[in-house]
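J.: mmCIF, C-alpha atoms, saved as structure24.cif, coming up:
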```
data_start
#
loop_
_atom_site.label_atom_id
_atom_site.label_comp_id
_atom_site.auth_asym_id
_atom_site.auth_seq_id
_atom_site.Cartn_x
_atom_site.Cartn_y
_atom_site.Cartn_z
CA MET A 1 133.97 -15.28 17.78
CA THR A 2 132.04 -13.92 20.75
CA THR A 3 132.91 -15.19 24.23
CA PRO A 4 129.84 -16.55 26.02
CA ILE A 5 128.71 -14.53 29.03
CA SER A 6 128.18 -17.61 31.20
CA GLN A 7 128.44 -21.39 31.28
CA PHE A 8 124.96 -21.26 32.80
CA PRO A 9 121.68 -19.99 31.30
CA ILE A 10 121.29 -16.28 30.71
CA PRO A 11 118.05 -14.54 29.74
CA GLU A 12 117.31 -14.46 26.03
CA SER A 13 115.72 -11.07 26.62
CA ILE A 14 115.67 -8.88 29.69
CA GLN A 15 111.94 -8.48 28.99
CA ASP A 16 111.54 -12.08 30.21
CA LEU A 17 112.92 -11.22 33.67
CA PRO A 18 110.98 -10.26 36.81
CA GLU A 19 110.14 -6.57 36.75
CA ASP A 20 112.48 -5.56 39.61
CA ILE A 21 115.48 -7.28 38.00
CA ARG A 22 114.67 -5.86 34.58
CA ASP A 23 114.37 -2.38 36.12
CA ALA A 24 117.74 -2.79 37.87
CA MET A 25 119.37 -3.74 34.56
CA LEU A 26 117.77 -0.89 32.66
CA ALA A 27 118.84 1.60 35.35
CA VAL A 28 122.48 0.52 35.15
CA GLN A 29 122.30 0.48 31.35
CA GLU A 30 121.02 4.06 31.36
CA LYS A 31 123.83 5.18 33.67
CA ALA A 32 126.73 3.19 32.16
CA GLY A 33 125.55 2.79 28.58
CA PHE A 34 125.58 -1.04 28.77
CA ILE A 35 124.47 -3.91 31.00
CA PRO A 36 127.41 -5.44 32.87
CA ASN A 37 127.77 -9.15 32.11
CA VAL A 38 127.59 -10.05 35.81
CA PHE A 39 123.96 -8.86 35.89
CA LEU A 40 123.09 -11.21 33.04
CA MET A 41 125.11 -14.05 34.58
CA LEU A 42 123.26 -13.81 37.91
CA ALA A 43 119.79 -13.28 36.41
CA HIS A 44 119.03 -16.98 35.94
CA ARG A 45 118.46 -17.21 39.69
CA PRO A 46 116.31 -14.20 40.63
CA ALA A 47 116.41 -14.74 44.42
CA GLU A 48 120.22 -14.94 44.37
CA PHE A 49 120.42 -11.91 42.05
CA ARG A 50 118.39 -9.88 44.54
CA ALA A 51 120.38 -11.08 47.56
CA PHE A 52 123.72 -10.50 45.82
CA PHE A 53 122.94 -6.93 44.79
CA ALA A 54 121.22 -6.07 48.07
CA TYR A 55 124.39 -6.99 49.98
CA HIS A 56 126.63 -5.42 47.34
CA ASP A 57 124.75 -2.13 47.58
CA ALA A 58 124.65 -2.24 51.39
CA LEU A 59 128.46 -2.50 51.47
CA MET A 60 129.54 -0.44 48.50
CA GLU A 61 126.99 2.38 48.59
CA ARG A 62 126.83 2.87 52.36
CA GLU A 63 127.92 6.35 53.32
CA SER A 64 131.07 6.54 55.41
CA ASP A 65 132.79 9.52 56.97
CA THR A 66 136.21 8.00 56.43
CA LEU A 67 136.19 5.18 53.84
CA THR A 68 135.81 6.57 50.32
CA LYS A 69 134.25 4.95 47.26
CA ALA A 70 137.69 4.84 45.64
CA GLU A 71 139.12 3.03 48.67
CA LYS A 72 136.30 0.49 48.65
CA GLU A 73 136.95 -0.20 44.98
CA MET A 74 140.70 -0.50 45.66
CA ILE A 75 139.89 -3.30 48.11
CA VAL A 76 137.86 -5.06 45.42
CA VAL A 77 140.63 -4.75 42.83
CA ALA A 78 143.43 -5.88 45.14
CA THR A 79 141.62 -8.93 46.47
CA SER A 80 140.13 -9.85 43.09
CA ALA A 81 143.58 -9.76 41.52
CA ARG A 82 144.87 -12.21 44.13
CA ASN A 83 141.83 -14.41 43.39
CA ARG A 84 142.67 -14.15 39.65
CA CYS A 85 139.22 -12.81 38.78
CA LEU A 86 139.62 -10.94 35.50
CA TYR A 87 136.04 -9.67 35.48
CA CYS A 88 136.24 -7.96 38.88
CA VAL A 89 139.73 -6.56 38.32
CA VAL A 90 138.69 -4.98 35.02
CA ALA A 91 135.19 -3.82 36.05
CA HIS A 92 136.17 -2.48 39.46
CA GLY A 93 139.47 -1.16 38.13
CA ALA A 94 137.36 1.12 35.96
CA LEU A 95 135.57 2.36 39.08
CA VAL A 96 138.89 2.96 40.87
CA ARG A 97 140.02 5.12 37.94
CA ILE A 98 136.74 7.04 37.88
CA TYR A 99 136.42 7.62 41.65
CA SER A 100 140.11 8.39 42.23
CA LYS A 101 140.58 10.34 38.98
CA ASP A 102 143.92 8.51 38.72
CA PRO A 103 144.33 6.46 35.51
CA LEU A 104 147.26 4.46 36.97
CA LEU A 105 146.00 3.52 40.44
CA ALA A 106 143.89 0.47 39.54
CA ASP A 107 146.74 -1.22 37.68
CA GLN A 108 149.18 -0.49 40.50
CA VAL A 109 146.81 -1.93 43.08
CA ALA A 110 146.02 -5.00 40.98
CA ILE A 111 149.63 -5.93 40.33
CA ASN A 112 151.23 -5.30 43.72
CA HIS A 113 149.94 -2.68 46.12
CA ARG A 114 153.06 -3.12 48.27
CA VAL A 115 155.30 -1.49 45.62
CA ALA A 116 152.76 0.98 44.18
CA GLY A 117 153.91 3.96 46.24
CA LEU A 118 150.60 4.15 48.10
CA SER A 119 150.08 6.08 51.32
CA GLU A 120 150.54 4.24 54.62
CA ARG A 121 146.74 4.36 55.04
CA HIS A 122 146.12 2.57 51.75
CA THR A 123 148.92 0.07 52.27
CA VAL A 124 147.58 -0.92 55.69
CA MET A 125 144.02 -1.05 54.32
CA LEU A 126 144.98 -3.39 51.49
CA ASP A 127 147.22 -5.50 53.70
CA PHE A 128 144.25 -6.01 56.02
CA ALA A 129 141.95 -6.74 53.07
CA MET A 130 144.37 -9.48 51.96
CA HIS A 131 144.45 -10.82 55.52
CA SER A 132 140.63 -10.77 55.69
CA GLY A 133 139.89 -12.08 52.23
CA LEU A 134 142.68 -14.57 51.65
CA GLU A 135 143.87 -15.69 55.07
CA VAL A 136 142.09 -16.49 58.34
CA GLY A 137 141.02 -12.88 58.76
CA GLU A 138 141.11 -12.64 62.54
CA LEU A 139 140.95 -9.09 63.86
CA THR A 140 143.81 -9.12 66.33
CA ASP A 141 144.74 -6.28 68.65
CA GLU A 142 147.74 -5.59 66.41
CA TRP A 143 145.58 -5.25 63.28
CA GLN A 144 143.06 -3.08 65.07
CA THR A 145 145.79 -0.77 66.36
CA ARG A 146 147.40 -0.47 62.92
CA LEU A 147 144.08 0.35 61.25
CA LEU A 148 142.98 2.86 63.88
CA GLU A 149 146.38 4.59 63.77
CA VAL A 150 146.00 5.36 60.06
CA GLY A 151 142.53 6.84 60.54
CA PHE A 152 140.06 3.99 60.07
CA THR A 153 137.10 3.53 62.41
CA GLN A 154 135.60 0.30 63.76
CA ASP A 155 132.92 0.57 61.05
CA ASP A 156 135.64 0.94 58.41
CA ILE A 157 137.41 -2.17 59.72
CA TRP A 158 134.16 -4.11 59.33
CA ASP A 159 133.69 -2.71 55.83
CA ILE A 160 137.22 -3.60 54.71
CA GLY A 161 136.80 -7.18 55.91
CA ALA A 162 133.26 -7.52 54.59
CA ILE A 163 134.16 -6.15 51.14
CA ALA A 164 137.12 -8.54 50.89
CA ALA A 165 134.89 -11.47 51.94
CA PHE A 166 131.95 -10.56 49.71
CA PHE A 167 134.13 -10.14 46.64
CA GLY A 168 135.85 -13.44 47.39
CA MET A 169 132.43 -15.01 46.80
CA SER A 170 131.79 -12.81 43.78
CA ASN A 171 135.18 -13.74 42.31
CA ARG A 172 134.39 -17.43 42.67
CA LEU A 173 130.95 -17.12 41.06
CA VAL A 174 132.24 -15.13 38.09
CA THR A 175 135.08 -17.62 37.62
CA LEU A 176 132.68 -20.56 37.94
CA ALA A 177 130.46 -19.09 35.24
CA GLY A 178 133.38 -18.06 33.01
CA THR A 179 131.96 -14.55 32.72
CA PRO A 180 134.21 -12.12 30.82
CA PRO A 181 134.33 -8.40 31.54
CA ASN A 182 132.43 -6.15 29.16
CA GLU A 183 134.80 -4.50 26.70
CA GLU A 184 133.52 -1.08 27.76
CA PHE A 185 135.15 -1.45 31.19
CA TYR A 186 138.68 -1.49 29.77
CA LEU A 187 138.63 2.16 28.66
CA MET A 188 136.47 3.64 31.41
CA GLY A 189 138.43 6.22 33.35
CA ARG A 190 141.24 6.11 30.78
CA VAL A 191 139.67 8.01 27.90
CA PRO A 192 137.05 10.79 28.00
CA ARG A 193 133.48 9.48 27.99
CA GLU A 194 131.55 10.15 24.78
CA LYS A 195 128.55 12.40 25.26
#
```
Can you dump the structure from the file as structure tokens?
T.:
Amino acid sequence: MTTPISQFPIPESIQDLPEDIRDAMLAVQEKAGFIPNVFLMLAHRPAEFRAFFAYHDALMERESDTLTKAEKEMIVVATSARNRCLYCVVAHGALVRIYSKDPLLADQVAINHRVAGLSERHTVMLDFAMHSGLEVGELTDEWQTRLLEVGFTQDDIWDIGAIAAFFGMSNRLVTLAGTPPNEEFYLMGRVPREK
């Protein structure tokens, strides 16, 4: 029995979608080999699809001198795990494995980053992500000092908080829709990719 992708309508065919959304799906399919279920889940509201991915890309693809792609994905995995979002833990866990080239890191971060043997930089980063995404999130002088001391910039501090906040929303939408992770995500970064 196949698990439905969403409790809400999804396109019967991506050919029925607006051209820009269809092109976005085909581009990710060409790169990954499949269309992530979250794309299909969000497609029933084209304006929200566009806004969601525009902000996602602005946060996650923005170049930074100090915050790496792997670190950004670690923030997503850690906060998504605390929000009990299976889709985001599995999908972004795959990206942690790929970007870090460490097949264990995503699982360690998802379960409990405090006992994962992470560097002080990563522990402080994820502690602040939890503070930003799950608590009040106020940037106190103490937080700012701790983050700056381990090498983050003011821009990085914004990014850590913004990623935690954005994926809090994403976690809730995926959970609302009941969207499961694509099976392909589970093995990404664990086994060699087929050519």
J.: In Å, with one decimal, what is the gap from atom CA of A:Met130 to atom CA of A:Phe49?
T.: 26.0 Å
J.: Do a neighbour search on stretch 82-85 of chain A at 8 Å with all atoms listed in the file, toss out local chain neighbours closer than 4 positions, and write the hits as a tab-separated table (two decimals) with C-alpha atoms, keeping the file's coordinate frame.
T.:
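Output saved as selection-v9.tsv:
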```tsv
chain	number	residue	atom	x	y	z
A	78	ALA	CA	143.43	-5.88	45.14
A	89	VAL	CA	139.73	-6.56	38.32
A	110	ALA	CA	146.02	-5.00	40.98
A	168	GLY	CA	135.85	-13.44	47.39
A	171	ASN	CA	135.18	-13.74	42.31
A	172	ARG	CA	134.39	-17.43	42.67
A	174	VAL	CA	132.24	-15.13	38.09
A	175	THR	CA	135.08	-17.62	37.62
```
J.: Using all atoms listed in the file, pick whichever of A:Pro9, A:Pro181, A:Pro36, A:Gly189 has the shortest atom-to-atom distance to A:Asp107.
T.: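 Counting all atoms listed in the file, the residue closest to A:Asp107 is A:Gly189.
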J.: List, as a VMD selection string, every residue that the PyMOL selection byres ((chain A and resi 104) around 12) selects in the file provided.
T.: chain A and resid 74 93 to 94 96 to 98 100 to 103 105 to 111 113 116 to 118 189 to 190
J.: If you apply the PyMOL selection byres ((chain A and resi 180) around 8) to this file, what residues do you get, as a PyMOL selection string?
T.: chain A and resi 3-5+37+86-87+178-179+181-182
J.: Let me see the file: selected residues, C-alpha atoms, as a PDB file, keeping the file's coordinate frame.
T.:
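Wrote it out as again-v4.pdb, contents follow:
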```
ATOM      1  CA  THR A   3     132.910 -15.190  24.230  1.00  0.00           C
ATOM      2  CA  PRO A   4     129.840 -16.550  26.020  1.00  0.00           C
ATOM      3  CA  ILE A   5     128.710 -14.530  29.030  1.00  0.00           C
ATOM      4  CA  ASN A  37     127.770  -9.150  32.110  1.00  0.00           C
ATOM      5  CA  LEU A  86     139.620 -10.940  35.500  1.00  0.00           C
ATOM      6  CA  TYR A  87     136.040  -9.670  35.480  1.00  0.00           C
ATOM      7  CA  GLY A 178     133.380 -18.060  33.010  1.00  0.00           C
ATOM      8  CA  THR A 179     131.960 -14.550  32.720  1.00  0.00           C
ATOM      9  CA  PRO A 181     134.330  -8.400  31.540  1.00  0.00           C
ATOM     10  CA  ASN A 182     132.430  -6.150  29.160  1.00  0.00           C
TER      11      ASN A 182
END
```
J.: Grab the atom CA of A:Glu73 to atom CA of A:His92 distance for me, in Å with one decimal place.
T.: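 According to the coordinates, atom CA of A:Glu73 and atom CA of A:His92 are separated by 6.0 Å.
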J.: Do a neighbour search on A:Phe166 at 9 Å with all atoms listed in the file, toss out local chain neighbours closer than 2 positions, and write the hits as number ranges by chain.
T.: A: 55-56, 59, 133, 161-164, 168-171
J.: Give me the result of the PyMOL selection byres ((chain A and resi 146) around 12) on this file, residue by residue, as a PDB file with C-alpha atoms, in the coordinates of the input.
T.:
```pdb
ATOM      1  CA  GLU A 120     150.540   4.240  54.620  1.00  0.00           C
ATOM      2  CA  ARG A 121     146.740   4.360  55.040  1.00  0.00           C
ATOM      3  CA  HIS A 122     146.120   2.570  51.750  1.00  0.00           C
ATOM      4  CA  THR A 123     148.920   0.070  52.270  1.00  0.00           C
ATOM      5  CA  VAL A 124     147.580  -0.920  55.690  1.00  0.00           C
ATOM      6  CA  MET A 125     144.020  -1.050  54.320  1.00  0.00           C
ATOM      7  CA  ASP A 127     147.220  -5.500  53.700  1.00  0.00           C
ATOM      8  CA  PHE A 128     144.250  -6.010  56.020  1.00  0.00           C
ATOM      9  CA  LEU A 139     140.950  -9.090  63.860  1.00  0.00           C
ATOM     10  CA  THR A 140     143.810  -9.120  66.330  1.00  0.00           C
ATOM     11  CA  ASP A 141     144.740  -6.280  68.650  1.00  0.00           C
ATOM     12  CA  GLU A 142     147.740  -5.590  66.410  1.00  0.00           C
ATOM     13  CA  TRP A 143     145.580  -5.250  63.280  1.00  0.00           C
ATOM     14  CA  GLN A 144     143.060  -3.080  65.070  1.00  0.00           C
ATOM     15  CA  THR A 145     145.790  -0.770  66.360  1.00  0.00           C
ATOM     16  CA  LEU A 147     144.080   0.350  61.250  1.00  0.00           C
ATOM     17  CA  LEU A 148     142.980   2.860  63.880  1.00  0.00           C
ATOM     18  CA  GLU A 149     146.380   4.590  63.770  1.00  0.00           C
ATOM     19  CA  VAL A 150     146.000   5.360  60.060  1.00  0.00           C
ATOM     20  CA  GLY A 151     142.530   6.840  60.540  1.00  0.00           C
ATOM     21  CA  PHE A 152     140.060   3.990  60.070  1.00  0.00           C
ATOM     22  CA  THR A 153     137.100   3.530  62.410  1.00  0.00           C
ATOM     23  CA  GLN A 154     135.600   0.300  63.760  1.00  0.00           C
ATOM     24  CA  ILE A 157     137.410  -2.170  59.720  1.00  0.00           C
TER      25      ILE A 157
END
```
J.: Could you give me, as a count of residues only, the residues within 12 Å of A:Leu40, counting only C-alpha atoms and dropping anything in the same chain fewer than 5 positions from it?
T.: 31
J.: Quick check, in Å to one decimal: how far apart do atom CA of A:Phe167 and atom CA of A:Val76 lie?
T.: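 About the pair atom CA of A:Phe167 and atom CA of A:Val76: they are 6.4 Å apart.
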J.: Rebuild stretch 9-26 of chain A so that it carries N, CA and C atoms, then output the result as a PDB file, keeping the file's coordinate frame.
T.:
```pdb
ATOM      1  N   PRO A   9     122.671 -20.730  32.104  1.00  0.00           N
ATOM      2  CA  PRO A   9     121.680 -19.990  31.300  1.00  0.00           C
ATOM      3  C   PRO A   9     121.694 -18.492  31.592  1.00  0.00           C
ATOM      4  N   ILE A  10     121.503 -17.722  30.548  1.00  0.00           N
ATOM      5  CA  ILE A  10     121.290 -16.280  30.710  1.00  0.00           C
ATOM      6  C   ILE A  10     119.976 -15.957  30.007  1.00  0.00           C
ATOM      7  N   PRO A  11     119.337 -14.857  30.374  1.00  0.00           N
ATOM      8  CA  PRO A  11     118.050 -14.540  29.740  1.00  0.00           C
ATOM      9  C   PRO A  11     118.216 -14.253  28.248  1.00  0.00           C
ATOM     10  N   GLU A  12     117.293 -14.762  27.470  1.00  0.00           N
ATOM     11  CA  GLU A  12     117.310 -14.460  26.030  1.00  0.00           C
ATOM     12  C   GLU A  12     116.958 -12.995  25.814  1.00  0.00           C
ATOM     13  N   SER A  13     116.115 -12.470  26.679  1.00  0.00           N
ATOM     14  CA  SER A  13     115.720 -11.070  26.620  1.00  0.00           C
ATOM     15  C   SER A  13     115.491 -10.588  28.050  1.00  0.00           C
ATOM     16  N   ILE A  14     115.917  -9.374  28.336  1.00  0.00           N
ATOM     17  CA  ILE A  14     115.670  -8.880  29.690  1.00  0.00           C
ATOM     18  C   ILE A  14     114.168  -8.648  29.923  1.00  0.00           C
ATOM     19  N   GLN A  15     113.401  -8.617  28.846  1.00  0.00           N
ATOM     20  CA  GLN A  15     111.940  -8.480  28.990  1.00  0.00           C
ATOM     21  C   GLN A  15     111.332  -9.711  29.645  1.00  0.00           C
ATOM     22  N   ASP A  16     112.042 -10.847  29.614  1.00  0.00           N
ATOM     23  CA  ASP A  16     111.540 -12.080  30.210  1.00  0.00           C
ATOM     24  C   ASP A  16     111.803 -12.155  31.722  1.00  0.00           C
ATOM     25  N   LEU A  17     112.522 -11.186  32.263  1.00  0.00           N
ATOM     26  CA  LEU A  17     112.920 -11.220  33.670  1.00  0.00           C
ATOM     27  C   LEU A  17     111.855 -10.608  34.571  1.00  0.00           C
ATOM     28  N   PRO A  18     111.884 -10.943  35.872  1.00  0.00           N
ATOM     29  CA  PRO A  18     110.980 -10.260  36.810  1.00  0.00           C
ATOM     30  C   PRO A  18     111.196  -8.750  36.729  1.00  0.00           C
ATOM     31  N   GLU A  19     110.137  -8.025  36.955  1.00  0.00           N
ATOM     32  CA  GLU A  19     110.140  -6.570  36.750  1.00  0.00           C
ATOM     33  C   GLU A  19     111.252  -5.865  37.536  1.00  0.00           C
ATOM     34  N   ASP A  20     111.471  -6.242  38.805  1.00  0.00           N
ATOM     35  CA  ASP A  20     112.480  -5.560  39.610  1.00  0.00           C
ATOM     36  C   ASP A  20     113.890  -5.787  39.068  1.00  0.00           C
ATOM     37  N   ILE A  21     114.153  -6.976  38.559  1.00  0.00           N
ATOM     38  CA  ILE A  21     115.480  -7.280  38.000  1.00  0.00           C
ATOM     39  C   ILE A  21     115.658  -6.566  36.672  1.00  0.00           C
ATOM     40  N   ARG A  22     114.620  -6.589  35.855  1.00  0.00           N
ATOM     41  CA  ARG A  22     114.670  -5.860  34.580  1.00  0.00           C
ATOM     42  C   ARG A  22     114.896  -4.367  34.830  1.00  0.00           C
ATOM     43  N   ASP A  23     114.197  -3.798  35.813  1.00  0.00           N
ATOM     44  CA  ASP A  23     114.370  -2.380  36.120  1.00  0.00           C
ATOM     45  C   ASP A  23     115.791  -2.076  36.593  1.00  0.00           C
ATOM     46  N   ALA A  24     116.363  -2.977  37.403  1.00  0.00           N
ATOM     47  CA  ALA A  24     117.740  -2.790  37.870  1.00  0.00           C
ATOM     48  C   ALA A  24     118.712  -2.775  36.689  1.00  0.00           C
ATOM     49  N   MET A  25     118.499  -3.674  35.736  1.00  0.00           N
ATOM     50  CA  MET A  25     119.370  -3.740  34.560  1.00  0.00           C
ATOM     51  C   MET A  25     119.219  -2.497  33.685  1.00  0.00           C
ATOM     52  N   LEU A  26     117.991  -2.066  33.496  1.00  0.00           N
ATOM     53  CA  LEU A  26     117.770  -0.890  32.660  1.00  0.00           C
ATOM     54  C   LEU A  26     118.343   0.368  33.322  1.00  0.00           C
TER      55      LEU A  26
END
```
